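Inspection log for the structure reproduced underneath, given as structure tokens.
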Amino acid sequence: MGISSISMDHVDLNLDNPVLSNLNCEFTPGITCLLGPNGSGKTMTNRLLALIQPVTSGSISWDGAEVNPFNGRKTELLKEIGYMRQQPIFVNKSVEENIELPLKFRNDPDSKSKLAGTLEEFELTEFAKRPIAKLSVGQQQRVALARTLITDPQLLILDEPTSSLDMKSTKWIESYLLRLRNQTDKIILWTTHDHFQVKRVADHVAVILEGSIRAKDTLDAIFTKTEDPSVRKYLEGELI
């Protein structure tokens, strides 16, 4: 199934205390960067969109159909989501076993051919049999991205995918995801606090401050036309 839009409508999240408040935002195919300082609510927003965490109030919809609060289709919908955490969790096995894991969970009959193609696409074929712990951080992050994408999700959620990487590894992942954006109609939500990265990769930008999405616009407009004083200060590099 394809997804042409994802809408957050008056979404609140309370976990003993308010965490997110009145989120209203629409996401469409291409790369939207969710930009905000540490502790602003980016990861919790990802968890809501990934259908891991239920909303407290409001709703999240795909193409007008409500998906959170969860409905009876949650298991089916999860198959359309690829969620790459900031610190991926690996099993203590080889590169290929880690990448193939989502296909095994689904009993995919084409898992071996998909695995071979994915290893080649992510330039990991020569490392296929190597224990995951023997790879560099940059190589491990490529494994994590390959594992996330091997099921061909329509919604791709990336939680600071390059925050711990050197420049070379960051460039590889950015280049790969820009090609993916150009070749598919996936909705890609890319969480970051790196303003320079946003300017390199984003089509749209949503700025989240203190648990609320305060601005959402195209890349050019977010830096030139945003009127919210707190957003302006943050985008200009002030400490807020």
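Labels for the structure tokens follow display order: chains A, B, ..., residues from 1 in each chain, ligands from 1.
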
Shell around A:Asn22 at 9 Å using only C-alpha atoms, local window under 2 positions removed, as a PyMOL selection string: chain A and resi 8-13+20+24+57-58+211-213

Proximity of stretch 118-212 of chain A to stretch 72-83 of chain A: per-residue shortest pair, 9 Å limit, only C-alpha atoms, as CSV:
residue,atom,partner,partner_atom,distance
A:Arg147,CA,A:Gly82,CA,8.8
A:Thr148,CA,A:Gly82,CA,5.2
A:Leu149,CA,A:Gly82,CA,6.5
A:Thr151,CA,A:Lys79,CA,7.8
A:Asp152,CA,A:Glu80,CA,7.6
A:Pro153,CA,A:Glu80,CA,4.5
A:Gln154,CA,A:Glu80,CA,5.2
A:Leu155,CA,A:Ile81,CA,4.8
A:Leu156,CA,A:Gly82,CA,4.8
A:Ile157,CA,A:Tyr83,CA,4.7
A:Leu158,CA,A:Tyr83,CA,6.2
A:Asp159,CA,A:Tyr83,CA,7.9

Residues of chain A classed as helix (DSSP H, G or I) by DSSP on the backbone are to be reported as an MDAnalysis selection string. chainID A and resid 42:49 74:78 95:105 111:121 125:127 132:134 137:149 167:183 195:201 219:224 229:235

Residue selection dump (C-alpha atoms) as a PDB file, in the first residue's frame:
ATOM      1  CA  LYS A  42      11.494  14.497  18.744  1.00  0.00           C
ATOM      2  CA  THR A  43      11.904  10.851  19.769  1.00  0.00           C
ATOM      3  CA  MET A  44       8.493  10.681  21.441  1.00  0.00           C
ATOM      4  CA  THR A  45       6.927  12.118  18.287  1.00  0.00           C
ATOM      5  CA  ASN A  46       8.660   9.351  16.339  1.00  0.00           C
ATOM      6  CA  ARG A  47       7.233   6.733  18.708  1.00  0.00           C
ATOM      7  CA  LEU A  48       3.720   8.042  18.134  1.00  0.00           C
ATOM      8  CA  LEU A  49       4.162   8.027  14.353  1.00  0.00           C
ATOM      9  CA  LYS A  74      -2.222  -2.141  13.782  1.00  0.00           C
ATOM     10  CA  THR A  75      -0.345  -5.348  12.891  1.00  0.00           C
ATOM     11  CA  GLU A  76      -0.981  -4.789   9.188  1.00  0.00           C
ATOM     12  CA  LEU A  77      -0.003  -1.115   9.400  1.00  0.00           C
ATOM     13  CA  LEU A  78       3.258  -1.850  11.206  1.00  0.00           C
ATOM     14  CA  VAL A  95      25.827  -8.864   9.380  1.00  0.00           C
ATOM     15  CA  GLU A  96      23.614 -10.895   7.062  1.00  0.00           C
ATOM     16  CA  GLU A  97      21.692 -12.473   9.939  1.00  0.00           C
ATOM     17  CA  ASN A  98      20.921  -9.039  11.367  1.00  0.00           C
ATOM     18  CA  ILE A  99      19.754  -7.662   8.028  1.00  0.00           C
ATOM     19  CA  GLU A 100      17.615 -10.694   7.233  1.00  0.00           C
ATOM     20  CA  LEU A 101      15.848 -10.716  10.607  1.00  0.00           C
ATOM     21  CA  PRO A 102      12.725  -8.719   9.570  1.00  0.00           C
ATOM     22  CA  LEU A 103      12.181 -11.069   6.597  1.00  0.00           C
ATOM     23  CA  LYS A 104      12.435 -14.117   8.848  1.00  0.00           C
ATOM     24  CA  PHE A 105       9.816 -12.654  11.169  1.00  0.00           C
ATOM     25  CA  SER A 111      14.330 -13.602   1.827  1.00  0.00           C
ATOM     26  CA  LYS A 112      17.588 -14.950   0.356  1.00  0.00           C
ATOM     27  CA  SER A 113      17.322 -13.034  -2.910  1.00  0.00           C
ATOM     28  CA  LYS A 114      16.252  -9.849  -1.092  1.00  0.00           C
ATOM     29  CA  LEU A 115      19.159 -10.246   1.319  1.00  0.00           C
ATOM     30  CA  ALA A 116      21.679 -10.642  -1.508  1.00  0.00           C
ATOM     31  CA  GLY A 117      20.339  -7.544  -3.263  1.00  0.00           C
ATOM     32  CA  THR A 118      20.346  -5.511  -0.074  1.00  0.00           C
ATOM     33  CA  LEU A 119      23.909  -6.484   0.818  1.00  0.00           C
ATOM     34  CA  GLU A 120      25.063  -5.338  -2.602  1.00  0.00           C
ATOM     35  CA  GLU A 121      23.026  -2.118  -2.500  1.00  0.00           C
ATOM     36  CA  THR A 125      28.572  -8.045   0.637  1.00  0.00           C
ATOM     37  CA  GLU A 126      32.190  -8.487   1.709  1.00  0.00           C
ATOM     38  CA  PHE A 127      31.135  -8.143   5.371  1.00  0.00           C
ATOM     39  CA  ILE A 132      28.230  -7.293  13.709  1.00  0.00           C
ATOM     40  CA  ALA A 133      30.490  -6.310  16.633  1.00  0.00           C
ATOM     41  CA  LYS A 134      33.534  -6.352  14.317  1.00  0.00           C
ATOM     42  CA  VAL A 137      30.190   2.434  13.768  1.00  0.00           C
ATOM     43  CA  GLY A 138      29.599   3.724  10.248  1.00  0.00           C
ATOM     44  CA  GLN A 139      29.288   0.208   8.843  1.00  0.00           C
ATOM     45  CA  GLN A 140      26.936  -0.781  11.655  1.00  0.00           C
ATOM     46  CA  GLN A 141      24.729   2.180  10.826  1.00  0.00           C
ATOM     47  CA  ARG A 142      24.565   1.027   7.203  1.00  0.00           C
ATOM     48  CA  VAL A 143      23.519  -2.411   8.473  1.00  0.00           C
ATOM     49  CA  ALA A 144      20.801  -0.781  10.574  1.00  0.00           C
ATOM     50  CA  LEU A 145      19.517   1.197   7.597  1.00  0.00           C
ATOM     51  CA  ALA A 146      19.623  -1.880   5.353  1.00  0.00           C
ATOM     52  CA  ARG A 147      17.649  -3.874   7.907  1.00  0.00           C
ATOM     53  CA  THR A 148      15.099  -1.061   8.191  1.00  0.00           C
ATOM     54  CA  LEU A 149      14.578  -0.857   4.433  1.00  0.00           C
ATOM     55  CA  MET A 167      31.921  12.901   7.882  1.00  0.00           C
ATOM     56  CA  LYS A 168      32.539  10.093   5.374  1.00  0.00           C
ATOM     57  CA  SER A 169      29.876   7.798   6.840  1.00  0.00           C
ATOM     58  CA  THR A 170      27.432  10.694   7.196  1.00  0.00           C
ATOM     59  CA  LYS A 171      27.919  11.586   3.531  1.00  0.00           C
ATOM     60  CA  TRP A 172      27.288   7.960   2.465  1.00  0.00           C
ATOM     61  CA  ILE A 173      23.987   7.744   4.346  1.00  0.00           C
ATOM     62  CA  GLU A 174      22.822  11.196   3.252  1.00  0.00           C
ATOM     63  CA  SER A 175      23.608  10.393  -0.394  1.00  0.00           C
ATOM     64  CA  TYR A 176      21.820   7.046  -0.195  1.00  0.00           C
ATOM     65  CA  LEU A 177      18.686   8.555   1.341  1.00  0.00           C
ATOM     66  CA  LEU A 178      18.598  11.410  -1.177  1.00  0.00           C
ATOM     67  CA  ARG A 179      18.674   8.833  -3.988  1.00  0.00           C
ATOM     68  CA  LEU A 180      15.908   6.901  -2.258  1.00  0.00           C
ATOM     69  CA  ARG A 181      13.855  10.101  -2.005  1.00  0.00           C
ATOM     70  CA  ASN A 182      14.309  10.751  -5.720  1.00  0.00           C
ATOM     71  CA  GLN A 183      13.458   7.196  -6.785  1.00  0.00           C
ATOM     72  CA  HIS A 195      20.804  22.700  10.993  1.00  0.00           C
ATOM     73  CA  PHE A 196      23.451  22.128   8.327  1.00  0.00           C
ATOM     74  CA  GLN A 197      22.227  18.599   7.662  1.00  0.00           C
ATOM     75  CA  VAL A 198      18.666  19.886   7.323  1.00  0.00           C
ATOM     76  CA  LYS A 199      19.816  22.294   4.614  1.00  0.00           C
ATOM     77  CA  ARG A 200      21.501  19.415   2.752  1.00  0.00           C
ATOM     78  CA  VAL A 201      18.656  16.891   2.772  1.00  0.00           C
ATOM     79  CA  LEU A 219      13.158  24.163   3.498  1.00  0.00           C
ATOM     80  CA  ASP A 220      13.567  27.651   2.034  1.00  0.00           C
ATOM     81  CA  ALA A 221      10.557  29.142   3.786  1.00  0.00           C
ATOM     82  CA  ILE A 222      11.336  27.762   7.243  1.00  0.00           C
ATOM     83  CA  PHE A 223      14.597  29.728   7.392  1.00  0.00           C
ATOM     84  CA  THR A 224      13.323  32.916   5.722  1.00  0.00           C
ATOM     85  CA  PRO A 229      10.098  34.483  17.767  1.00  0.00           C
ATOM     86  CA  SER A 230      11.270  31.310  19.560  1.00  0.00           C
ATOM     87  CA  VAL A 231      11.634  29.450  16.269  1.00  0.00           C
ATOM     88  CA  ARG A 232      13.527  32.367  14.744  1.00  0.00           C
ATOM     89  CA  LYS A 233      15.943  32.438  17.684  1.00  0.00           C
ATOM     90  CA  TYR A 234      16.492  28.693  17.485  1.00  0.00           C
ATOM     91  CA  LEU A 235      17.076  28.725  13.724  1.00  0.00           C
TER      92      LEU A 235
END

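Coordinates place atom CA of A:Thr226 at a distance of 17.6 Å from atom CA of A:His193.
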
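Across the model, the gap from atom CA of A:Asp110 to atom CA of A:Gly30 is 27.8 Å.
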
Selected residue, from A:Ala202, A:Leu124, A:Ile89, A:Leu51, that lies nearest to A:Lys216 when counting only C-alpha atoms: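 Of A:Ala202, A:Leu124, A:Ile89, A:Leu51, the one nearest A:Lys216, counting only C-alpha atoms, is A:Ala202.
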
Which residues are near A:Ser5? Cut-off 9 Å, only C-alpha atoms, ignore same chain within fewer than 4 positions. Put them as a ChimeraX atom specification. /A:26-29,61-64,187

Tell me which of A:Glu210, A:Asp108, A:Glu236, A:Asp217 sits closest to A:Ile150, counting only C-alpha atoms. A:Asp108

When you draw a straight line from atom CA of A:Leu35 to atom CA of A:Ile52, how long is it in Å?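 One can read the atom CA of A:Leu35 to atom CA of A:Ile52 distance as 20.6 Å.
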
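Between A:Cys25 and the candidates A:Ile3, A:Ala65, A:Ala206, A:Leu165, the tightest atom-to-atom separation, counting only C-alpha atoms, involves A:Ala206.
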
Which residue of A:Leu34, A:Ile6, A:Leu135, A:Leu23 approaches A:Val207 most closely, using only C-alpha atoms: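 Looking only at the distances to A:Val207, the closest residue turns out to be A:Leu34.
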
Can you list, as a tab-separated table (two decimals) with N, CA and C atoms, in the first residue's frame, all residues belonging to stretch 5-214 of chain A that DSSP tags as strand (DSSP E or B)?
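Output (states08.tsv):
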chain	number	residue	atom	x	y	z
A	6	ILE	N	0.27	11.78	5.94
A	6	ILE	CA	0.10	11.42	7.34
A	6	ILE	C	-0.20	12.70	8.10
A	7	SER	N	-1.29	12.67	8.87
A	7	SER	CA	-1.72	13.88	9.58
A	7	SER	C	-1.73	13.65	11.08
A	8	MET	N	-1.18	14.61	11.81
A	8	MET	CA	-1.30	14.65	13.26
A	8	MET	C	-2.28	15.77	13.60
A	9	ASP	N	-3.36	15.42	14.29
A	9	ASP	CA	-4.43	16.39	14.56
A	9	ASP	C	-4.64	16.54	16.07
A	10	HIS	N	-4.20	17.69	16.59
A	10	HIS	CA	-4.39	18.02	18.01
A	10	HIS	C	-3.90	16.90	18.92
A	11	VAL	N	-2.70	16.41	18.64
A	11	VAL	CA	-2.16	15.26	19.37
A	11	VAL	C	-1.50	15.72	20.67
A	12	ASP	N	-1.90	15.09	21.76
A	12	ASP	CA	-1.25	15.27	23.05
A	12	ASP	C	-0.70	13.93	23.51
A	13	LEU	N	0.39	13.99	24.28
A	13	LEU	CA	0.94	12.80	24.92
A	13	LEU	C	1.29	13.15	26.36
A	14	ASN	N	0.67	12.43	27.28
A	14	ASN	CA	0.96	12.60	28.70
A	14	ASN	C	1.50	11.29	29.26
A	15	LEU	N	2.65	11.34	29.89
A	15	LEU	CA	3.23	10.18	30.57
A	15	LEU	C	3.54	10.64	32.00
A	17	ASN	N	3.35	13.25	33.23
A	17	ASN	CA	3.34	14.70	32.97
A	17	ASN	C	3.19	14.92	31.47
A	18	PRO	N	2.74	16.13	31.05
A	18	PRO	CA	2.64	16.42	29.62
A	18	PRO	C	4.00	16.31	28.94
A	19	VAL	N	4.04	15.58	27.81
A	19	VAL	CA	5.28	15.41	27.05
A	19	VAL	C	5.17	16.14	25.71
A	20	LEU	N	4.06	15.96	25.02
A	20	LEU	CA	3.80	16.61	23.74
A	20	LEU	C	2.43	17.28	23.81
A	21	SER	N	2.31	18.43	23.18
A	21	SER	CA	1.07	19.18	23.30
A	21	SER	C	0.60	19.73	21.95
A	22	ASN	N	-0.63	19.37	21.61
A	22	ASN	CA	-1.34	19.95	20.46
A	22	ASN	C	-0.51	19.93	19.18
A	23	LEU	N	-0.01	18.74	18.83
A	23	LEU	CA	0.75	18.60	17.59
A	23	LEU	C	-0.20	18.57	16.40
A	24	ASN	N	0.02	19.49	15.47
A	24	ASN	CA	-0.76	19.54	14.24
A	24	ASN	C	0.22	19.64	13.09
A	25	CYS	N	0.29	18.60	12.27
A	25	CYS	CA	1.29	18.58	11.21
A	25	CYS	C	0.89	17.56	10.16
A	26	GLU	N	1.22	17.84	8.91
A	26	GLU	CA	0.99	16.88	7.83
A	26	GLU	C	2.31	16.54	7.16
A	27	PHE	N	2.51	15.25	6.88
A	27	PHE	CA	3.71	14.78	6.22
A	27	PHE	C	3.34	14.14	4.90
A	30	GLY	N	8.64	12.40	0.35
A	30	GLY	CA	9.85	13.22	0.36
A	30	GLY	C	10.45	13.19	1.75
A	31	ILE	N	11.45	14.03	1.98
A	31	ILE	CA	12.13	14.08	3.27
A	31	ILE	C	11.64	15.27	4.07
A	32	THR	N	11.04	14.99	5.21
A	32	THR	CA	10.72	16.03	6.19
A	32	THR	C	11.65	15.86	7.37
A	33	CYS	N	12.39	16.90	7.70
A	33	CYS	CA	13.25	16.86	8.88
A	33	CYS	C	12.49	17.42	10.07
A	34	LEU	N	12.47	16.63	11.15
A	34	LEU	CA	11.92	17.09	12.42
A	34	LEU	C	13.10	17.64	13.20
A	35	LEU	N	13.15	18.95	13.29
A	35	LEU	CA	14.31	19.66	13.83
A	35	LEU	C	14.00	20.23	15.20
A	57	SER	N	-4.52	12.04	23.50
A	57	SER	CA	-5.71	12.60	22.88
A	57	SER	C	-5.34	13.10	21.49
A	58	GLY	N	-6.35	13.41	20.70
A	58	GLY	CA	-6.11	13.73	19.29
A	58	GLY	C	-5.96	12.46	18.49
A	59	SER	N	-5.45	12.57	17.26
A	59	SER	CA	-5.33	11.38	16.41
A	59	SER	C	-4.25	11.56	15.36
A	60	ILE	N	-3.76	10.43	14.88
A	60	ILE	CA	-2.85	10.37	13.73
A	60	ILE	C	-3.55	9.55	12.66
A	61	SER	N	-3.54	10.07	11.42
A	61	SER	CA	-4.25	9.41	10.33
A	61	SER	C	-3.35	9.23	9.12
A	62	TRP	N	-3.57	8.13	8.41
A	62	TRP	CA	-2.95	7.90	7.11
A	62	TRP	C	-4.03	8.06	6.05
A	65	ALA	N	-7.52	8.00	7.28
A	65	ALA	CA	-7.97	6.89	8.11
A	65	ALA	C	-7.18	6.88	9.41
A	66	GLU	N	-7.87	6.92	10.54
A	66	GLU	CA	-7.21	7.00	11.84
A	66	GLU	C	-6.41	5.74	12.14
A	67	VAL	N	-5.15	5.91	12.56
A	67	VAL	CA	-4.29	4.77	12.92
A	67	VAL	C	-3.80	4.82	14.36
A	68	ASN	N	-3.84	5.99	14.99
A	68	ASN	CA	-3.44	6.14	16.38
A	68	ASN	C	-4.34	7.20	17.00
A	81	ILE	N	5.88	0.37	8.09
A	81	ILE	CA	6.73	1.32	8.81
A	81	ILE	C	8.13	0.75	9.00
A	82	GLY	N	9.12	1.55	8.67
A	82	GLY	CA	10.51	1.24	9.00
A	82	GLY	C	11.01	2.28	9.98
A	83	TYR	N	11.40	1.84	11.18
A	83	TYR	CA	11.82	2.76	12.24
A	83	TYR	C	13.26	2.45	12.63
A	84	MET	N	14.16	3.38	12.37
A	84	MET	CA	15.57	3.23	12.71
A	84	MET	C	15.89	4.10	13.91
A	94	SER	N	25.90	-12.42	12.73
A	94	SER	CA	26.59	-11.84	11.58
A	94	SER	C	25.80	-10.67	10.98
A	131	PRO	N	30.91	-10.91	12.16
A	131	PRO	CA	30.10	-10.56	13.34
A	131	PRO	C	29.83	-9.06	13.37
A	155	LEU	N	6.59	4.19	5.06
A	155	LEU	CA	6.92	5.25	6.01
A	155	LEU	C	8.26	4.90	6.65
A	156	LEU	N	9.24	5.77	6.47
A	156	LEU	CA	10.58	5.55	7.01
A	156	LEU	C	10.86	6.62	8.06
A	157	ILE	N	11.09	6.19	9.30
A	157	ILE	CA	11.34	7.09	10.41
A	157	ILE	C	12.78	6.91	10.86
A	158	LEU	N	13.55	7.98	10.80
A	158	LEU	CA	14.99	7.93	11.10
A	158	LEU	C	15.27	8.84	12.29
A	159	ASP	N	15.67	8.27	13.40
A	159	ASP	CA	15.93	9.04	14.62
A	159	ASP	C	17.43	9.34	14.71
A	187	ILE	N	7.39	8.33	2.42
A	187	ILE	CA	7.41	9.43	3.37
A	187	ILE	C	8.58	9.17	4.32
A	188	ILE	N	9.55	10.07	4.31
A	188	ILE	CA	10.76	9.91	5.11
A	188	ILE	C	10.79	11.01	6.17
A	189	LEU	N	10.73	10.61	7.43
A	189	LEU	CA	10.79	11.55	8.56
A	189	LEU	C	12.16	11.41	9.20
A	190	TRP	N	12.92	12.47	9.16
A	190	TRP	CA	14.33	12.43	9.56
A	190	TRP	C	14.53	13.38	10.74
A	191	THR	N	14.73	12.82	11.92
A	191	THR	CA	14.92	13.61	13.13
A	191	THR	C	16.37	14.03	13.27
A	192	THR	N	16.59	15.31	13.57
A	192	THR	CA	17.95	15.81	13.72
A	192	THR	C	17.95	17.10	14.53
A	204	HIS	N	10.99	19.46	3.42
A	204	HIS	CA	10.20	20.22	4.37
A	204	HIS	C	10.85	20.10	5.75
A	205	VAL	N	10.54	21.06	6.60
A	205	VAL	CA	11.10	21.08	7.95
A	205	VAL	C	9.98	21.37	8.94
A	206	ALA	N	9.94	20.58	10.01
A	206	ALA	CA	9.05	20.86	11.13
A	206	ALA	C	9.92	21.14	12.35
A	207	VAL	N	9.70	22.25	13.01
A	207	VAL	CA	10.50	22.63	14.17
A	207	VAL	C	9.70	22.34	15.43
A	208	ILE	N	10.28	21.53	16.32
A	208	ILE	CA	9.63	21.18	17.57
A	208	ILE	C	10.42	21.77	18.74
A	209	LEU	N	9.71	22.53	19.57
A	209	LEU	CA	10.30	23.17	20.75
A	209	LEU	C	9.41	22.90	21.95
A	212	SER	N	6.14	20.89	21.36
A	212	SER	CA	5.12	21.39	20.44
A	212	SER	C	5.75	21.73	19.09
A	213	ILE	N	5.11	21.31	18.01
A	213	ILE	CA	5.59	21.67	16.67
A	213	ILE	C	5.18	23.12	16.42
A	214	ARG	N	6.17	23.99	16.37
A	214	ARG	CA	5.91	25.42	16.32
A	214	ARG	C	5.91	25.99	14.90

Just checking: using only C-alpha atoms, which residue out of A:Asn38, A:Gln53, A:Asn107, A:Thr162 ends up closest to A:Pro88? A:Thr162
